[in-house]
Amino acid sequence: MQTTIPPGQFFAKRWAIYAALGVPQIKLEDWRLSTKGLVEKELNLTFEELQKLPQIKLTKDFHCVTSWSIKEVLWEGVAFQELAKLTGVKPEAKWVMFHCADRYTAPVPLEDAMVDDSLIAFKMNGKPIPVPQGFPARPFIPHLYGWKSAKWLTEVEFIPQYEDGYWEMYGYHERGNVWGEERFKSQGGRHMRRRGLGTLPI
C-alpha cells in the first residue's frame, strides 16, 4: 500500500464534492455501460450484468488536482482489464475517452487505464458510490488525478489518438499523473484556473 503522498498534496478529512455540469438524474433500470470505437465487440451492460463480472477490491488514496487527497479509500468494482478483454480492444487504440451521463468527458492513455489497479468502481468503503460521487459507476485509476476518474460513467470509447475532454479544453493536462504533478498542459492552463472557470475538477 502506498504510504507517501504525492508532491503538492495534503490529506483532507472529508471529500469536496464537485459537479462541473450538475448532478444528473439516473434511473438505474435505464442505465447502461457501453463500449465503442476501436473494439471487436461493442458492449451494452446493465448494472446487474456489470456486477456479475469478476470483481476486485483495492485500498488506494484519491487525489484531487486542487491539492487535497483522501487516504485509504476501499474501492470495489470490475477491473478495467476485464472490460477491455470482453470488448476486444484493437491494436490501433491508444487512448480511452470516458463519456458520462452529464455530457462530461475525460481522456486517459490506454496504457494508464490498463494498469492492474485500474477499475470501473461501483462501491466505495463497502457501500454503493453515493450519487454526488458518481453512482452507479465511475472509473478509478489511482495514479491519475481525480478528474480523470469520470463520475456517472456511461460509455468507454477506445480511440486512436488524444482528444481533449471537458477539463482538458481549459488547459488541464492530457494525462494527469499525480506523482509527476501533471496538473496543466502549460502555464496558460494554470492562469485559467486562477481566474476561475466555475466548478473545479476532482
# chains A, B, ... in the order shown; residues from 1 in each chain; ligands from 1
$ closest_atom_pairs --of "stretch 41-110 of chain A" --to "stretch 6-25 of chain A" --cutoff "7 Å" --atoms "only C-alpha atoms" --output "Markdown table"
| residue | atom | partner | partner_atom | distance |
| --- | --- | --- | --- | --- |
| A:Ser67 | CA | A:Gln9 | CA | 4.5 |
| A:Trp68 | CA | A:Phe10 | CA | 5.1 |
| A:Ser69 | CA | A:Phe11 | CA | 4.7 |
| A:Ile70 | CA | A:Phe11 | CA | 5.7 |
| A:Lys71 | CA | A:Phe11 | CA | 6.5 |
| A:Ala101 | CA | A:Pro24 | CA | 6.4 |
| A:Asp102 | CA | A:Pro24 | CA | 5.6 |
$ write_last_selection --atoms "C-alpha atoms" --output "PDB file, in the first residue's frame"
ATOM      1  CA  SER A  67      -4.282  19.520  -3.929  1.00  0.00           C
ATOM      2  CA  TRP A  68      -6.424  17.598  -1.413  1.00  0.00           C
ATOM      3  CA  SER A  69      -6.279  13.822  -1.045  1.00  0.00           C
ATOM      4  CA  ILE A  70      -8.408  11.251   0.784  1.00  0.00           C
ATOM      5  CA  LYS A  71      -6.412   8.481   2.428  1.00  0.00           C
ATOM      6  CA  ALA A 101     -24.412  10.952 -18.150  1.00  0.00           C
ATOM      7  CA  ASP A 102     -23.869  14.710 -17.650  1.00  0.00           C
TER       8      ASP A 102
END
$ closest_atom_pairs --of "stretch 36-78 of chain A" --to "stretch 126-145 of chain A" --cutoff "8 Å" --atoms "only C-alpha atoms" --output "JSON lines"
{"residue": "A:Phe47", "atom": "CA", "partner": "A:Pro136", "partner_atom": "CA", "distance": 7.7}
{"residue": "A:Lys60", "atom": "CA", "partner": "A:Pro142", "partner_atom": "CA", "distance": 6.4}
{"residue": "A:Asp61", "atom": "CA", "partner": "A:Pro142", "partner_atom": "CA", "distance": 6.9}
{"residue": "A:Phe62", "atom": "CA", "partner": "A:Pro142", "partner_atom": "CA", "distance": 6.6}
{"residue": "A:His63", "atom": "CA", "partner": "A:Tyr145", "partner_atom": "CA", "distance": 5.4}
{"residue": "A:Cys64", "atom": "CA", "partner": "A:Tyr145", "partner_atom": "CA", "distance": 5.4}
{"residue": "A:Val65", "atom": "CA", "partner": "A:Tyr145", "partner_atom": "CA", "distance": 5.6}
{"residue": "A:Leu74", "atom": "CA", "partner": "A:Gly126", "partner_atom": "CA", "distance": 7.0}
{"residue": "A:Trp75", "atom": "CA", "partner": "A:Gly126", "partner_atom": "CA", "distance": 7.8}
{"residue": "A:Glu76", "atom": "CA", "partner": "A:Gly126", "partner_atom": "CA", "distance": 7.7}
$ select_by_dssp --residues "stretch 9-159 of chain A" --states "alpha helix (DSSP H)" --output "mmCIF file with N, CA and C atoms, in the first residue's frame"
data_model
loop_
_atom_site.group_PDB
_atom_site.id
_atom_site.type_symbol
_atom_site.label_atom_id
_atom_site.label_comp_id
_atom_site.auth_asym_id
_atom_site.auth_seq_id
_atom_site.Cartn_x
_atom_site.Cartn_y
_atom_site.Cartn_z
ATOM 1 N N PHE A 47 -26.558 -2.567 -15.119
ATOM 2 C CA PHE A 47 -25.835 -2.545 -13.857
ATOM 3 C C PHE A 47 -25.736 -3.958 -13.279
ATOM 4 N N GLU A 48 -26.792 -4.737 -13.426
ATOM 5 C CA GLU A 48 -26.787 -6.118 -12.938
ATOM 6 C C GLU A 48 -25.737 -6.946 -13.669
ATOM 7 N N GLU A 49 -25.638 -6.770 -14.983
ATOM 8 C CA GLU A 49 -24.640 -7.513 -15.760
ATOM 9 C C GLU A 49 -23.226 -7.090 -15.385
ATOM 10 N N LEU A 50 -23.030 -5.805 -15.134
ATOM 11 C CA LEU A 50 -21.718 -5.329 -14.708
ATOM 12 C C LEU A 50 -21.314 -5.967 -13.386
ATOM 13 N N GLN A 51 -22.249 -6.057 -12.462
ATOM 14 C CA GLN A 51 -21.951 -6.617 -11.144
ATOM 15 C C GLN A 51 -21.650 -8.113 -11.192
ATOM 16 N N PHE A 80 -10.552 -2.776 -15.088
ATOM 17 C CA PHE A 80 -10.657 -2.241 -16.447
ATOM 18 C C PHE A 80 -10.134 -3.256 -17.460
ATOM 19 N N GLN A 81 -9.127 -4.011 -17.084
ATOM 20 C CA GLN A 81 -8.592 -5.037 -17.971
ATOM 21 C C GLN A 81 -9.663 -6.056 -18.361
ATOM 22 N N GLU A 82 -10.562 -6.351 -17.429
ATOM 23 C CA GLU A 82 -11.651 -7.298 -17.709
ATOM 24 C C GLU A 82 -12.597 -6.735 -18.765
ATOM 25 N N LEU A 83 -12.948 -5.464 -18.617
ATOM 26 C CA LEU A 83 -13.818 -4.813 -19.602
ATOM 27 C C LEU A 83 -13.136 -4.790 -20.971
ATOM 28 N N ALA A 84 -11.849 -4.463 -20.985
ATOM 29 C CA ALA A 84 -11.105 -4.419 -22.240
ATOM 30 C C ALA A 84 -11.056 -5.790 -22.908
ATOM 31 N N LYS A 85 -10.892 -6.835 -22.103
ATOM 32 C CA LYS A 85 -10.853 -8.194 -22.640
ATOM 33 C C LYS A 85 -12.194 -8.577 -23.255
ATOM 34 N N LEU A 86 -13.275 -8.225 -22.585
ATOM 35 C CA LEU A 86 -14.607 -8.579 -23.074
ATOM 36 C C LEU A 86 -14.953 -7.875 -24.383
ATOM 37 N N THR A 87 -14.531 -6.622 -24.494
ATOM 38 C CA THR A 87 -14.885 -5.863 -25.692
ATOM 39 C C THR A 87 -13.896 -6.081 -26.827
ATOM 40 N N LEU A 110 -4.422 4.701 -22.940
ATOM 41 C CA LEU A 110 -4.818 3.304 -22.753
ATOM 42 C C LEU A 110 -3.856 2.589 -21.808
ATOM 43 N N GLU A 111 -2.560 2.881 -21.892
ATOM 44 C CA GLU A 111 -1.597 2.207 -21.027
ATOM 45 C C GLU A 111 -1.836 2.523 -19.555
ATOM 46 N N ASP A 112 -2.367 3.696 -19.239
ATOM 47 C CA ASP A 112 -2.707 4.033 -17.859
ATOM 48 C C ASP A 112 -3.994 3.346 -17.419
ATOM 49 N N ALA A 113 -4.972 3.297 -18.314
ATOM 50 C CA ALA A 113 -6.238 2.628 -17.988
ATOM 51 C C ALA A 113 -6.052 1.130 -17.772
#
$ closest_atom_pairs --of "stretch 94-150 of chain A" --to "stretch 163-180 of chain A" --cutoff "10 Å" --atoms "only C-alpha atoms" --output "JSON lines"
{"residue": "A:Trp95", "atom": "CA", "partner": "A:Glu163", "partner_atom": "CA", "distance": 8.5}
{"residue": "A:Val96", "atom": "CA", "partner": "A:Glu163", "partner_atom": "CA", "distance": 9.4}
{"residue": "A:Met97", "atom": "CA", "partner": "A:Gly165", "partner_atom": "CA", "distance": 7.7}
{"residue": "A:Phe98", "atom": "CA", "partner": "A:Gly165", "partner_atom": "CA", "distance": 8.6}
{"residue": "A:His99", "atom": "CA", "partner": "A:Gly165", "partner_atom": "CA", "distance": 9.1}
{"residue": "A:Arg103", "atom": "CA", "partner": "A:Tyr166", "partner_atom": "CA", "distance": 8.8}
{"residue": "A:Tyr104", "atom": "CA", "partner": "A:Tyr166", "partner_atom": "CA", "distance": 5.9}
{"residue": "A:Thr105", "atom": "CA", "partner": "A:Gly165", "partner_atom": "CA", "distance": 4.8}
{"residue": "A:Ala106", "atom": "CA", "partner": "A:Gly165", "partner_atom": "CA", "distance": 4.6}
{"residue": "A:Pro107", "atom": "CA", "partner": "A:Gly165", "partner_atom": "CA", "distance": 5.8}
{"residue": "A:Val108", "atom": "CA", "partner": "A:Arg175", "partner_atom": "CA", "distance": 6.0}
{"residue": "A:Pro109", "atom": "CA", "partner": "A:Arg175", "partner_atom": "CA", "distance": 6.7}
{"residue": "A:Asp112", "atom": "CA", "partner": "A:Arg175", "partner_atom": "CA", "distance": 8.6}
{"residue": "A:Ile141", "atom": "CA", "partner": "A:Asn177", "partner_atom": "CA", "distance": 9.8}
{"residue": "A:Pro142", "atom": "CA", "partner": "A:Val178", "partner_atom": "CA", "distance": 8.7}
{"residue": "A:His143", "atom": "CA", "partner": "A:Val178", "partner_atom": "CA", "distance": 5.7}
{"residue": "A:Leu144", "atom": "CA", "partner": "A:Asn177", "partner_atom": "CA", "distance": 4.5}
{"residue": "A:Tyr145", "atom": "CA", "partner": "A:Gly176", "partner_atom": "CA", "distance": 5.6}
{"residue": "A:Gly146", "atom": "CA", "partner": "A:Gly176", "partner_atom": "CA", "distance": 8.7}
{"residue": "A:Trp147", "atom": "CA", "partner": "A:Trp167", "partner_atom": "CA", "distance": 7.9}
{"residue": "A:Lys148", "atom": "CA", "partner": "A:Gly176", "partner_atom": "CA", "distance": 7.5}
$ select_by_dssp --residues "chain A" --states "strand (DSSP E or B)" --output "MDAnalysis selection string"
chainID A and resid 10:11 33:37 39 44:45 55:63 68:79 89 95:100 105:109 119:124 127:128 138:140 144 153:159 172 177 184
$ write_last_selection --atoms "C-alpha atoms" --output "JSON list (two decimals), in the first residue's frame"
[["chain", "number", "residue", "atom", "x", "y", "z"],
["A", 10, "PHE", "CA", -2.30, 17.17, 1.58],
["A", 11, "PHE", "CA", -4.62, 14.69, 3.29],
["A", 33, "LEU", "CA", -22.35, 0.94, -19.61],
["A", 34, "SER", "CA", -21.37, 0.65, -23.25],
["A", 35, "THR", "CA", -18.13, 0.41, -25.21],
["A", 36, "LYS", "CA", -17.44, 1.68, -28.70],
["A", 37, "GLY", "CA", -14.69, 2.78, -31.06],
["A", 39, "VAL", "CA", -13.20, -2.66, -30.36],
["A", 44, "ASN", "CA", -24.05, -2.61, -23.59],
["A", 45, "LEU", "CA", -24.13, -3.77, -19.98],
["A", 55, "GLN", "CA", -14.69, -8.13, -9.19],
["A", 56, "ILE", "CA", -11.64, -6.75, -7.43],
["A", 57, "LYS", "CA", -11.10, -4.77, -4.23],
["A", 58, "LEU", "CA", -8.26, -2.38, -3.55],
["A", 59, "THR", "CA", -7.43, 0.28, -0.98],
["A", 60, "LYS", "CA", -5.93, 3.37, -2.58],
["A", 61, "ASP", "CA", -5.73, 7.08, -1.88],
["A", 62, "PHE", "CA", -7.74, 9.51, -4.01],
["A", 63, "HIS", "CA", -6.01, 12.67, -5.25],
["A", 68, "TRP", "CA", -6.42, 17.60, -1.41],
["A", 69, "SER", "CA", -6.28, 13.82, -1.04],
["A", 70, "ILE", "CA", -8.41, 11.25, 0.78],
["A", 71, "LYS", "CA", -6.41, 8.48, 2.43],
["A", 72, "GLU", "CA", -7.04, 4.75, 2.09],
["A", 73, "VAL", "CA", -10.36, 4.53, 0.25],
["A", 74, "LEU", "CA", -11.66, 0.99, -0.33],
["A", 75, "TRP", "CA", -12.74, 0.65, -3.97],
["A", 76, "GLU", "CA", -14.70, -2.28, -5.40],
["A", 77, "GLY", "CA", -15.66, -3.00, -8.98],
["A", 78, "VAL", "CA", -14.61, -4.59, -12.24],
["A", 79, "ALA", "CA", -11.00, -4.42, -13.37],
["A", 89, "VAL", "CA", -9.56, -3.68, -27.89],
["A", 95, "TRP", "CA", -6.44, 6.34, -25.74],
["A", 96, "VAL", "CA", -9.67, 5.86, -23.83],
["A", 97, "MET", "CA", -12.37, 8.53, -23.70],
["A", 98, "PHE", "CA", -14.77, 8.26, -20.79],
["A", 99, "HIS", "CA", -18.25, 9.61, -21.53],
["A", 100, "CYS", "CA", -20.71, 10.40, -18.73],
["A", 105, "THR", "CA", -15.71, 13.57, -20.96],
["A", 106, "ALA", "CA", -12.21, 12.60, -19.82],
["A", 107, "PRO", "CA", -9.35, 11.16, -21.94],
["A", 108, "VAL", "CA", -6.85, 8.68, -20.48],
["A", 109, "PRO", "CA", -3.92, 6.95, -22.20],
["A", 119, "LEU", "CA", -11.13, -0.44, -12.29],
["A", 120, "ILE", "CA", -14.72, 0.52, -13.02],
["A", 121, "ALA", "CA", -15.86, 1.10, -9.44],
["A", 122, "PHE", "CA", -19.38, 0.85, -8.08],
["A", 123, "LYS", "CA", -18.58, 0.69, -4.36],
["A", 124, "MET", "CA", -16.59, 2.92, -2.00],
["A", 127, "LYS", "CA", -21.19, 0.88, 0.12],
["A", 128, "PRO", "CA", -22.56, 1.87, -3.30],
["A", 138, "ARG", "CA", -17.05, 5.54, -12.29],
["A", 139, "PRO", "CA", -13.55, 4.59, -13.39],
["A", 140, "PHE", "CA", -10.81, 4.88, -10.80],
["A", 144, "LEU", "CA", -4.07, 9.83, -12.04],
["A", 153, "LEU", "CA", -19.85, 6.83, -16.43],
["A", 154, "THR", "CA", -21.99, 5.60, -19.33],
["A", 155, "GLU", "CA", -19.61, 4.90, -22.19],
["A", 156, "VAL", "CA", -16.00, 3.85, -22.74],
["A", 157, "GLU", "CA", -14.67, 4.81, -26.16],
["A", 158, "PHE", "CA", -11.37, 3.46, -27.48],
["A", 159, "ILE", "CA", -9.74, 5.96, -29.82],
["A", 172, "TYR", "CA", -5.62, 20.71, -17.76],
["A", 177, "ASN", "CA", -0.19, 11.69, -13.37],
["A", 184, "PHE", "CA", -1.69, 21.59, -16.51]]
$ atom_distance --atom1 "atom CA of A:Lys151" --atom2 "atom CA of A:Lys90"
25.5 Å
$ closest_residue --among "A:Asp30, A:Glu181, A:Glu40, A:Asp117" --to "A:Gly88" --atoms "only C-alpha atoms"
A:Glu40
$ closest_residue --among "A:Arg183, A:Ser118, A:Arg32, A:Pro91" --to "A:Trp152" --atoms "only C-alpha atoms"
A:Arg32
$ decode --residues "stretch 49-62 of chain A" --atoms "all heavy atoms" --output "compact mmCIF listing (two decimals), in the first residue's frame"
# COMPACT_ATOMS: atom_id res chain seq x y z
N GLU A 49 -25.64 -6.77 -14.98
CA GLU A 49 -24.64 -7.51 -15.76
C GLU A 49 -23.23 -7.09 -15.38
O GLU A 49 -22.32 -7.93 -15.31
CB GLU A 49 -24.89 -7.28 -17.25
CG GLU A 49 -26.14 -7.99 -17.77
CD GLU A 49 -26.52 -7.56 -19.17
OE1 GLU A 49 -26.15 -6.44 -19.58
OE2 GLU A 49 -27.20 -8.35 -19.85
N LEU A 50 -23.03 -5.81 -15.13
CA LEU A 50 -21.72 -5.33 -14.71
C LEU A 50 -21.31 -5.97 -13.39
O LEU A 50 -20.17 -6.41 -13.22
CB LEU A 50 -21.74 -3.81 -14.57
CG LEU A 50 -20.43 -3.15 -14.11
CD1 LEU A 50 -19.34 -3.31 -15.16
CD2 LEU A 50 -20.65 -1.68 -13.78
N GLN A 51 -22.25 -6.06 -12.46
CA GLN A 51 -21.95 -6.62 -11.14
C GLN A 51 -21.65 -8.11 -11.19
O GLN A 51 -21.03 -8.64 -10.27
CB GLN A 51 -23.12 -6.36 -10.20
CG GLN A 51 -23.27 -4.91 -9.78
CD GLN A 51 -24.37 -4.74 -8.78
OE1 GLN A 51 -25.51 -5.13 -9.00
NE2 GLN A 51 -24.03 -4.17 -7.64
N LYS A 52 -22.08 -8.79 -12.24
CA LYS A 52 -21.83 -10.22 -12.36
C LYS A 52 -20.44 -10.54 -12.91
O LYS A 52 -20.01 -11.69 -12.86
CB LYS A 52 -22.89 -10.85 -13.27
CG LYS A 52 -24.28 -10.93 -12.63
CD LYS A 52 -25.28 -11.57 -13.57
CE LYS A 52 -26.65 -11.67 -12.92
NZ LYS A 52 -27.66 -12.25 -13.84
N LEU A 53 -19.73 -9.52 -13.40
CA LEU A 53 -18.38 -9.74 -13.90
C LEU A 53 -17.42 -9.94 -12.72
O LEU A 53 -17.71 -9.51 -11.60
CB LEU A 53 -17.94 -8.55 -14.76
CG LEU A 53 -18.75 -8.28 -16.02
CD1 LEU A 53 -18.21 -7.05 -16.74
CD2 LEU A 53 -18.76 -9.49 -16.95
N PRO A 54 -16.28 -10.58 -12.96
CA PRO A 54 -15.30 -10.75 -11.87
C PRO A 54 -14.93 -9.41 -11.25
O PRO A 54 -14.68 -8.43 -11.95
CB PRO A 54 -14.10 -11.39 -12.60
CG PRO A 54 -14.69 -12.06 -13.79
CD PRO A 54 -15.84 -11.19 -14.22
N GLN A 55 -14.91 -9.38 -9.91
CA GLN A 55 -14.69 -8.13 -9.19
C GLN A 55 -13.36 -8.13 -8.45
O GLN A 55 -12.82 -9.19 -8.10
CB GLN A 55 -15.84 -7.89 -8.21
CG GLN A 55 -17.18 -7.72 -8.89
CD GLN A 55 -18.30 -7.45 -7.90
OE1 GLN A 55 -18.06 -6.97 -6.79
NE2 GLN A 55 -19.52 -7.75 -8.28
N ILE A 56 -12.85 -6.92 -8.22
CA ILE A 56 -11.64 -6.75 -7.43
C ILE A 56 -11.90 -5.70 -6.35
O ILE A 56 -12.81 -4.88 -6.46
CB ILE A 56 -10.44 -6.33 -8.30
CG1 ILE A 56 -10.70 -4.97 -8.98
CG2 ILE A 56 -10.12 -7.39 -9.33
CD1 ILE A 56 -9.48 -4.41 -9.69
N LYS A 57 -11.09 -5.76 -5.30
CA LYS A 57 -11.10 -4.77 -4.23
C LYS A 57 -9.69 -4.23 -4.07
O LYS A 57 -8.72 -4.98 -4.17
CB LYS A 57 -11.54 -5.37 -2.89
CG LYS A 57 -12.96 -5.87 -2.83
CD LYS A 57 -13.27 -6.38 -1.42
CE LYS A 57 -14.68 -6.92 -1.31
NZ LYS A 57 -14.97 -7.38 0.09
N LEU A 58 -9.57 -2.94 -3.84
CA LEU A 58 -8.26 -2.38 -3.55
C LEU A 58 -8.42 -1.13 -2.68
O LEU A 58 -9.44 -0.45 -2.75
CB LEU A 58 -7.50 -2.05 -4.83
CG LEU A 58 -8.16 -1.14 -5.88
CD1 LEU A 58 -7.76 0.32 -5.63
CD2 LEU A 58 -7.71 -1.56 -7.27
N THR A 59 -7.44 -0.90 -1.84
CA THR A 59 -7.43 0.28 -0.98
C THR A 59 -6.36 1.24 -1.49
O THR A 59 -5.17 0.92 -1.48
CB THR A 59 -7.13 -0.12 0.48
OG1 THR A 59 -8.16 -1.01 0.93
CG2 THR A 59 -7.13 1.11 1.37
N LYS A 60 -6.82 2.38 -1.98
CA LYS A 60 -5.93 3.37 -2.58
C LYS A 60 -6.38 4.78 -2.20
O LYS A 60 -7.58 5.04 -2.03
CB LYS A 60 -5.94 3.24 -4.11
CG LYS A 60 -5.33 1.96 -4.64
CD LYS A 60 -3.81 1.97 -4.55
CE LYS A 60 -3.21 0.72 -5.16
NZ LYS A 60 -1.74 0.75 -5.16
N ASP A 61 -5.42 5.68 -2.12
CA ASP A 61 -5.73 7.08 -1.88
C ASP A 61 -6.33 7.71 -3.14
O ASP A 61 -6.04 7.29 -4.27
CB ASP A 61 -4.47 7.86 -1.51
CG ASP A 61 -3.77 7.30 -0.28
OD1 ASP A 61 -4.44 6.60 0.51
OD2 ASP A 61 -2.56 7.56 -0.12
N PHE A 62 -7.14 8.75 -2.92
CA PHE A 62 -7.74 9.51 -4.01
C PHE A 62 -7.12 10.91 -4.00
O PHE A 62 -7.03 11.54 -2.95
CB PHE A 62 -9.26 9.61 -3.81
CG PHE A 62 -9.97 10.40 -4.88
CD1 PHE A 62 -10.57 9.75 -5.95
CD2 PHE A 62 -10.06 11.79 -4.81
CE1 PHE A 62 -11.23 10.48 -6.94
CE2 PHE A 62 -10.72 12.51 -5.79
CZ PHE A 62 -11.30 11.86 -6.85
